[in-house]
Each structure stands twice: as structure tokens, then as C-alpha cells.
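Asker: My file is coords.cif. It has mmCIF, C-alpha atoms:
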data_target
loop_
_atom_site.label_atom_id
_atom_site.label_comp_id
_atom_site.auth_asym_id
_atom_site.auth_seq_id
_atom_site.Cartn_x
_atom_site.Cartn_y
_atom_site.Cartn_z
CA MET A 1 8.53 -45.92 -35.55
CA SER A 2 8.17 -47.52 -39.00
CA THR A 3 9.42 -45.89 -42.14
CA ASN A 4 8.52 -46.26 -45.79
CA LYS A 5 12.05 -45.34 -46.88
CA ASN A 6 12.84 -48.88 -48.06
CA LYS A 7 9.40 -49.66 -49.41
CA LEU A 8 8.02 -49.38 -52.90
CA SER A 9 4.41 -48.56 -53.72
CA PRO A 10 2.47 -51.27 -55.60
CA GLU A 11 2.94 -49.21 -58.80
CA GLN A 12 6.71 -48.97 -58.22
CA GLN A 13 6.88 -52.72 -57.55
CA THR A 14 5.11 -53.46 -60.81
CA GLN A 15 7.39 -51.06 -62.67
CA ILE A 16 10.66 -52.55 -61.38
CA LEU A 17 9.40 -56.11 -61.92
CA ASP A 18 8.56 -55.22 -65.54
CA ILE A 19 12.04 -53.73 -66.07
CA LEU A 20 13.73 -56.77 -64.52
CA GLU A 21 11.63 -59.22 -66.52
CA THR A 22 12.37 -57.43 -69.79
CA ARG A 23 16.13 -57.43 -69.03
CA PHE A 24 15.95 -61.08 -67.94
CA ASN A 25 14.33 -62.06 -71.25
CA LYS A 26 16.79 -60.01 -73.34
CA ASN A 27 19.87 -61.55 -71.69
CA THR A 28 19.10 -65.26 -71.35
CA ALA A 29 22.78 -66.25 -71.66
CA ARG A 30 23.40 -64.70 -68.21
CA HIS A 31 21.03 -67.12 -66.46
CA LYS A 32 20.60 -70.36 -68.38
CA GLY A 33 18.13 -72.76 -66.81
CA ILE A 34 16.56 -70.13 -64.54
CA GLU A 35 12.83 -69.41 -64.87
CA TRP A 36 11.54 -65.86 -64.48
CA ALA A 37 8.36 -66.98 -62.67
CA LYS A 38 10.46 -68.42 -59.82
CA VAL A 39 12.61 -65.29 -59.64
CA GLN A 40 9.50 -63.09 -59.57
CA ALA A 41 7.94 -65.15 -56.79
CA LYS A 42 11.10 -64.67 -54.68
CA LEU A 43 11.10 -60.94 -55.37
CA GLU A 44 7.44 -60.52 -54.48
CA ALA A 45 8.07 -62.37 -51.20
CA ASN A 46 10.99 -60.04 -50.37
CA PRO A 47 9.87 -56.41 -50.83
CA ASN A 48 13.03 -55.01 -49.17
CA LYS A 49 15.16 -56.82 -51.76
CA LEU A 50 12.93 -55.46 -54.50
CA TRP A 51 13.55 -51.98 -53.09
CA SER A 52 17.32 -52.62 -53.28
CA LEU A 53 17.01 -53.73 -56.89
CA ASP A 54 15.04 -50.56 -57.61
CA GLU A 55 17.92 -48.57 -56.08
CA MET A 56 20.37 -50.47 -58.31
CA GLU A 57 18.19 -49.56 -61.30
CA ARG A 58 17.71 -45.94 -60.21
CA THR A 59 21.50 -45.47 -60.09
CA GLU A 60 21.78 -47.03 -63.58
CA GLY A 61 23.28 -50.37 -62.57
CA GLU A 62 20.89 -52.43 -64.74
CA PRO A 63 20.67 -55.38 -62.30
CA ASP A 64 20.10 -58.83 -63.75
CA VAL A 65 20.06 -62.43 -62.52
CA VAL A 66 23.47 -64.05 -62.99
CA GLY A 67 23.04 -67.22 -60.95
CA TYR A 68 21.22 -69.38 -58.46
CA ASP A 69 22.66 -70.74 -55.21
CA LYS A 70 21.06 -74.14 -54.58
CA LYS A 71 22.42 -74.34 -51.02
CA THR A 72 20.72 -71.13 -49.90
CA ASP A 73 17.87 -71.16 -52.45
CA GLU A 74 18.76 -67.62 -53.55
CA TYR A 75 18.95 -65.90 -56.90
CA ILE A 76 22.02 -63.72 -57.44
CA PHE A 77 21.77 -60.32 -59.11
CA TYR A 78 24.76 -58.28 -60.34
CA ASP A 79 24.88 -54.81 -61.84
CA CYS A 80 25.13 -55.52 -65.56
CA SER A 81 25.34 -52.01 -67.03
CA ALA A 82 27.93 -51.78 -69.81
CA GLU A 83 29.93 -49.22 -67.82
CA SER A 84 30.23 -48.60 -64.10
CA PRO A 85 26.81 -47.29 -62.97
CA LYS A 86 26.54 -43.55 -63.71
CA GLY A 87 24.65 -42.82 -60.51
CA ARG A 88 27.46 -44.28 -58.41
CA ARG A 89 30.61 -42.62 -59.70
CA SER A 90 33.01 -40.08 -58.20
CA LEU A 91 33.05 -41.90 -54.87
CA CYS A 92 36.00 -42.75 -52.67
CA TYR A 93 36.19 -46.31 -51.36
CA ASP A 94 34.83 -46.22 -47.79
CA HIS A 95 33.75 -43.96 -44.94
CA GLU A 96 37.24 -43.85 -43.40
CA ALA A 97 38.65 -42.61 -46.71
CA LEU A 98 35.84 -40.04 -47.00
CA GLU A 99 36.62 -38.71 -43.51
CA LYS A 100 40.36 -38.43 -44.32
CA ARG A 101 39.72 -36.09 -47.22
CA LYS A 102 39.97 -32.53 -46.00
CA GLU A 103 39.40 -30.81 -49.37
CA ASN A 104 37.33 -31.66 -52.42
CA LYS A 105 35.40 -34.40 -50.66
CA PRO A 106 33.23 -36.57 -52.89
CA ALA A 107 29.53 -36.80 -52.07
CA ASP A 108 29.87 -40.28 -50.56
CA SER A 109 31.86 -43.51 -50.57
CA ALA A 110 31.23 -46.75 -52.44
CA LEU A 111 30.78 -48.84 -49.29
CA ASN A 112 28.46 -46.28 -47.64
CA MET A 113 26.28 -46.06 -50.74
CA ALA A 114 26.14 -49.85 -51.14
CA ALA A 115 25.08 -50.26 -47.51
CA GLU A 116 22.37 -47.59 -47.89
CA MET A 117 21.10 -49.45 -50.97
CA GLY A 118 21.06 -52.79 -49.13
CA ILE A 119 23.60 -54.37 -51.51
CA GLU A 120 27.22 -55.44 -51.36
CA ILE A 121 30.11 -54.45 -53.59
CA LEU A 122 31.48 -57.11 -55.97
CA ASN A 123 34.73 -58.79 -54.98
CA GLU A 124 37.49 -59.73 -57.42
CA GLU A 125 36.13 -63.23 -58.06
CA GLN A 126 32.60 -61.92 -58.67
CA TYR A 127 33.93 -59.20 -60.96
CA LYS A 128 35.70 -61.85 -63.06
CA GLU A 129 32.49 -63.92 -63.12
CA LEU A 130 30.64 -60.86 -64.43
CA GLN A 131 33.25 -60.37 -67.16
CA ALA A 132 32.70 -63.98 -68.27
CA LEU A 133 29.11 -62.96 -69.13
CA GLY A 134 30.11 -60.08 -71.42
CA ASN A 135 32.47 -57.14 -71.70
CA PHE A 136 31.91 -54.58 -68.96
CA ASP A 137 33.84 -51.45 -67.95
CA LEU A 138 35.58 -50.93 -71.30
CA LYS A 139 35.81 -47.16 -70.61
CA THR A 140 35.22 -46.97 -66.84
CA SER A 141 36.44 -48.80 -63.75
CA SER A 142 34.73 -50.12 -60.63
CA TRP A 143 35.83 -50.29 -57.01
CA ILE A 144 35.83 -53.90 -55.79
CA ALA A 145 35.88 -55.30 -52.25
CA THR A 146 39.36 -54.74 -50.88
CA PRO A 147 41.14 -57.26 -48.65
CA SER A 148 41.68 -55.89 -45.13
CA ASN A 149 45.49 -56.13 -45.34
CA ILE A 150 45.48 -53.72 -48.31
CA ARG A 151 42.87 -51.44 -46.76
CA GLN A 152 44.79 -51.21 -43.45
CA LEU A 153 47.70 -49.73 -45.42
CA GLY A 154 45.45 -47.04 -46.95
CA GLY A 155 44.82 -48.69 -50.30
CA ALA A 156 41.79 -50.00 -52.13
CA ILE A 157 41.43 -51.98 -55.34
CA PHE A 158 39.41 -51.46 -58.48
CA SER A 159 39.03 -53.30 -61.74
CA ASP A 160 38.24 -52.82 -65.41
CA PHE A 161 38.37 -54.68 -68.73
CA ARG A 162 41.00 -53.62 -71.28
CA TYR A 163 42.87 -55.47 -74.02
CA ASN A 164 40.53 -58.44 -73.64
CA THR A 165 41.73 -58.85 -70.03
CA VAL A 166 40.36 -58.15 -66.55
CA PHE A 167 42.80 -55.88 -64.72
CA VAL A 168 42.91 -55.33 -60.96
CA TYR A 169 44.64 -52.16 -59.81
CA HIS A 170 45.26 -50.27 -56.59
CA ASN A 171 44.73 -46.67 -55.54
CA GLY A 172 44.54 -44.70 -52.34
CA ALA A 173 41.12 -45.40 -50.83
CA GLU A 174 40.42 -41.67 -50.61
CA SER A 175 40.82 -41.16 -54.37
CA TYR A 176 37.81 -40.74 -56.64
CA TYR A 177 37.30 -40.29 -60.37
CA ALA A 178 34.44 -39.37 -62.65
CA ALA A 179 34.89 -42.66 -64.51
CA ARG A 180 35.04 -44.92 -61.43
CA GLY A 181 32.02 -46.21 -59.56
CA PHE A 182 31.15 -49.57 -58.09
CA ARG A 183 29.14 -52.62 -59.04
CA GLY A 184 26.96 -54.36 -56.52
CA PHE A 185 25.30 -57.69 -55.98
CA LEU A 186 22.22 -58.85 -54.18
CA ARG A 187 21.03 -62.29 -53.13
CA VAL A 188 17.25 -62.86 -53.12
#
Would it be possible to restate this file's structure as C-alpha cells?

Answerer:
Amino acid sequence: MSTNKNKLSPEQQTQILDILETRFNKNTARHKGIEWAKVQAKLEANPNKLWSLDEMERTEGEPDVVGYDKKTDEYIFYDCSAESPKGRRSLCYDHEALEKRKENKPADSALNMAAEMGIEILNEEQYKELQALGNFDLKTSSWIATPSNIRQLGGAIFSDFRYNTVFVYHNGAESYYAARGFRGFLRV
């Protein structure tokens, strides 16, 4: 049985491509040497990836091209919203943490939501790469991919940018805050 859940109509495809092109042209420092026409051709050839980018946009992540991987011939998109995406806040870290909460459960977890969107959560290195492109999360924080040794002990890590520095912190994976979401990435 096929589903249209992860498919955009032609009008929706045109709309998200226009948004992405406008953002691409406004933020050329994020992707020096990359041509929009080549990015657009990749996107048009990968409608499921375009759907994921639309989900990133819908949840206010403001995805933009931040690089190109020559080895895999893929463009790399990160959430580039100034603060952690509004449509992805108040989430615990993962499904296990969500299940452990008996009271005041959040609506979802960061890893569940990322998987449903077809994206991955930024890791510490990627988060630092993002911060090299501008100042992000000056008032909010974002969950980042947590090493398994930390997660096995019940923790998860998040990051933000304060005092001109990227900070990486820890919290219980089941915690959630109105000012903490997650940033994702997508390879196309």
C-alpha cells in the first residue's frame, strides 16, 4: 500500500524550492563555491529529501546548504534558524527517555521526531561547524547526538552559544525545556 505521507504536491515542491533558493541567495557565506542550480537538480531528483526539508522548514528550522561532500556527491543541509527550531522544542532526548517519564510527558522526543522527519540530529562536531557560520542558540539550546556511553548512564548532551563560546552540557535524557529543541541535518 503506497502512501503520500512523505510526498509533496507539485505546488508544495515549488514553494519549498523557492524558500530554499531565497535563503541560499541571502546567505552565500554558508556555502561558498556551491551553485544553486546543482543543488536544485539534486533536490528535484530526490522528492523524499525535499519532503524532509519541507518538514525542517515547517518546524521553523530554516534549513540551508552548509557544504558539499565530494566523496558521496551530496549537499549537506543544516537547520540554520537563529534559535533552536520553535516547532521542535519541549522534547526529551529519545524514546527510552520518553517512556521513562511517568508524569508530565512531553509530546515526543528529539530522536523520534528527527526520524519521522527523515533527518538526523547534529552531533557535537557538526554543531561547532554550524557555529562557525554564525551565532546560533544565543537564547536557546539544542539537543545533540549523545555518545552511547553517556546515554547508557541515563544522560544526554545539549549545546548552546554563550559568551562567544560553544558550550556542551549534560542533562538527564528524560528532561525537557521550553527553550531546548534540536537541530537536524540532511544529506541530498

Asker: Of the candidates A:Arg187, A:Arg88, A:Lys128, A:Lys105, which one gets nearest to Asp160 of chain A if we count only C-alpha atoms?

Answerer: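 Going through A:Arg187, A:Arg88, A:Lys128, A:Lys105 one by one, the smallest distance to Asp160 of chain A is for A:Lys128.
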
Asker: I want to know what sits within 12 Å of segment 153-157 of chain A, based on all atoms listed in the file, with residues of the same chain fewer than 4 positions away left out; could you give that as a VMD selection string?

Answerer: chain A and resid 92 to 94 96 to 98 100 109 to 111 121 to 124 127 141 to 149 167 to 176 180 to 182

Asker: Okay, now the selection with C-alpha atoms, as a compact mmCIF listing (two decimals), in the frame of the given file?

Answerer:
# COMPACT_ATOMS: atom_id res chain seq x y z
CA CYS A 92 36.00 -42.75 -52.67
CA TYR A 93 36.19 -46.31 -51.36
CA ASP A 94 34.83 -46.22 -47.79
CA GLU A 96 37.24 -43.85 -43.40
CA ALA A 97 38.65 -42.61 -46.71
CA LEU A 98 35.84 -40.04 -47.00
CA LYS A 100 40.36 -38.43 -44.32
CA SER A 109 31.86 -43.51 -50.57
CA ALA A 110 31.23 -46.75 -52.44
CA LEU A 111 30.78 -48.84 -49.29
CA ILE A 121 30.11 -54.45 -53.59
CA LEU A 122 31.48 -57.11 -55.97
CA ASN A 123 34.73 -58.79 -54.98
CA GLU A 124 37.49 -59.73 -57.42
CA TYR A 127 33.93 -59.20 -60.96
CA SER A 141 36.44 -48.80 -63.75
CA SER A 142 34.73 -50.12 -60.63
CA TRP A 143 35.83 -50.29 -57.01
CA ILE A 144 35.83 -53.90 -55.79
CA ALA A 145 35.88 -55.30 -52.25
CA THR A 146 39.36 -54.74 -50.88
CA PRO A 147 41.14 -57.26 -48.65
CA SER A 148 41.68 -55.89 -45.13
CA ASN A 149 45.49 -56.13 -45.34
CA PHE A 167 42.80 -55.88 -64.72
CA VAL A 168 42.91 -55.33 -60.96
CA TYR A 169 44.64 -52.16 -59.81
CA HIS A 170 45.26 -50.27 -56.59
CA ASN A 171 44.73 -46.67 -55.54
CA GLY A 172 44.54 -44.70 -52.34
CA ALA A 173 41.12 -45.40 -50.83
CA GLU A 174 40.42 -41.67 -50.61
CA SER A 175 40.82 -41.16 -54.37
CA TYR A 176 37.81 -40.74 -56.64
CA ARG A 180 35.04 -44.92 -61.43
CA GLY A 181 32.02 -46.21 -59.56
CA PHE A 182 31.15 -49.57 -58.09

Asker: Which residue is closest to Asp69 of chain A? Choose from A:Ala115, A:Glu55, A:Ile34, A:Ala82 and count only C-alpha atoms.

Answerer: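 Among the listed residues, the smallest separation from Asp69 of chain A belongs to A:Ile34.
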
Asker: Considering only C-alpha atoms, state which residue in the set A:Leu17, A:Lys86, A:Gln40, A:Glu99 is at the smallest distance from Glu74 of chain A.

Answerer: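 Of the candidates, the smallest distance to Glu74 of chain A is held by A:Gln40.
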
Asker: Under the rule that only C-alpha atoms are counted, which of A:Trp51, A:Phe136, A:Tyr68, A:Tyr78 is the nearest residue to Asn164 of chain A?

Answerer: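 So, comparing all the options, the nearest one is A:Phe136.
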
Asker: Dump as JSON lines the rows for residues of segment 54-112 of chain A within 12 Å of segment 19-23 of chain A: closest atom pair and distance in Å with one decimal, all atoms listed in the file counted, ordered by chain and rising residue number.

Answerer:
{"residue": "A:Asp54", "atom": "CA", "partner": "A:Leu20", "partner_atom": "CA", "distance": 9.4}
{"residue": "A:Met56", "atom": "CA", "partner": "A:Leu20", "partner_atom": "CA", "distance": 11.1}
{"residue": "A:Glu57", "atom": "CA", "partner": "A:Ile19", "partner_atom": "CA", "distance": 8.8}
{"residue": "A:Arg58", "atom": "CA", "partner": "A:Ile19", "partner_atom": "CA", "distance": 11.3}
{"residue": "A:Gly61", "atom": "CA", "partner": "A:Leu20", "partner_atom": "CA", "distance": 11.7}
{"residue": "A:Glu62", "atom": "CA", "partner": "A:Arg23", "partner_atom": "CA", "distance": 8.1}
{"residue": "A:Pro63", "atom": "CA", "partner": "A:Leu20", "partner_atom": "CA", "distance": 7.4}
{"residue": "A:Asp64", "atom": "CA", "partner": "A:Leu20", "partner_atom": "CA", "distance": 6.7}
{"residue": "A:Val65", "atom": "CA", "partner": "A:Leu20", "partner_atom": "CA", "distance": 8.7}
{"residue": "A:Val66", "atom": "CA", "partner": "A:Arg23", "partner_atom": "CA", "distance": 11.6}
{"residue": "A:Phe77", "atom": "CA", "partner": "A:Leu20", "partner_atom": "CA", "distance": 10.3}
{"residue": "A:Tyr78", "atom": "CA", "partner": "A:Leu20", "partner_atom": "CA", "distance": 11.9}
{"residue": "A:Asp79", "atom": "CA", "partner": "A:Arg23", "partner_atom": "CA", "distance": 11.6}
{"residue": "A:Cys80", "atom": "CA", "partner": "A:Arg23", "partner_atom": "CA", "distance": 9.8}
{"residue": "A:Ser81", "atom": "CA", "partner": "A:Arg23", "partner_atom": "CA", "distance": 10.9}

Asker: Using atom CA of Gln15 of chain A and atom CA of Leu43 of chain A as the two end points, give the distance in Å to one decimal.

Answerer: 12.8 Å

Asker: Considering only C-alpha atoms, return as JSON, numbers by chain whatever protein or nucleic-acid residues lie within 7 Å of Leu138 of chain A, sequence-local ones (same chain, fewer than 2 positions apart) excluded.

Answerer: {"A": [83, 135, 136, 140, 160, 161, 162]}

Asker: Choose the residue, out of A:Leu50, A:Val188, A:Gly118, A:Lys32, that has the smallest atom-to-atom separation from Thr72 of chain A; count all atoms listed in the file.

Answerer: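 So, comparing all the options, the nearest one is A:Val188.
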
Asker: Check the smallest atom-to-atom distance from each of A:Gly67, A:Pro10, A:Pro47, A:Pro85 to Phe24 of chain A using all atoms listed in the file, then report the winner.

Answerer: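 Ranked by minimum distance to Phe24 of chain A, first place goes to A:Gly67.
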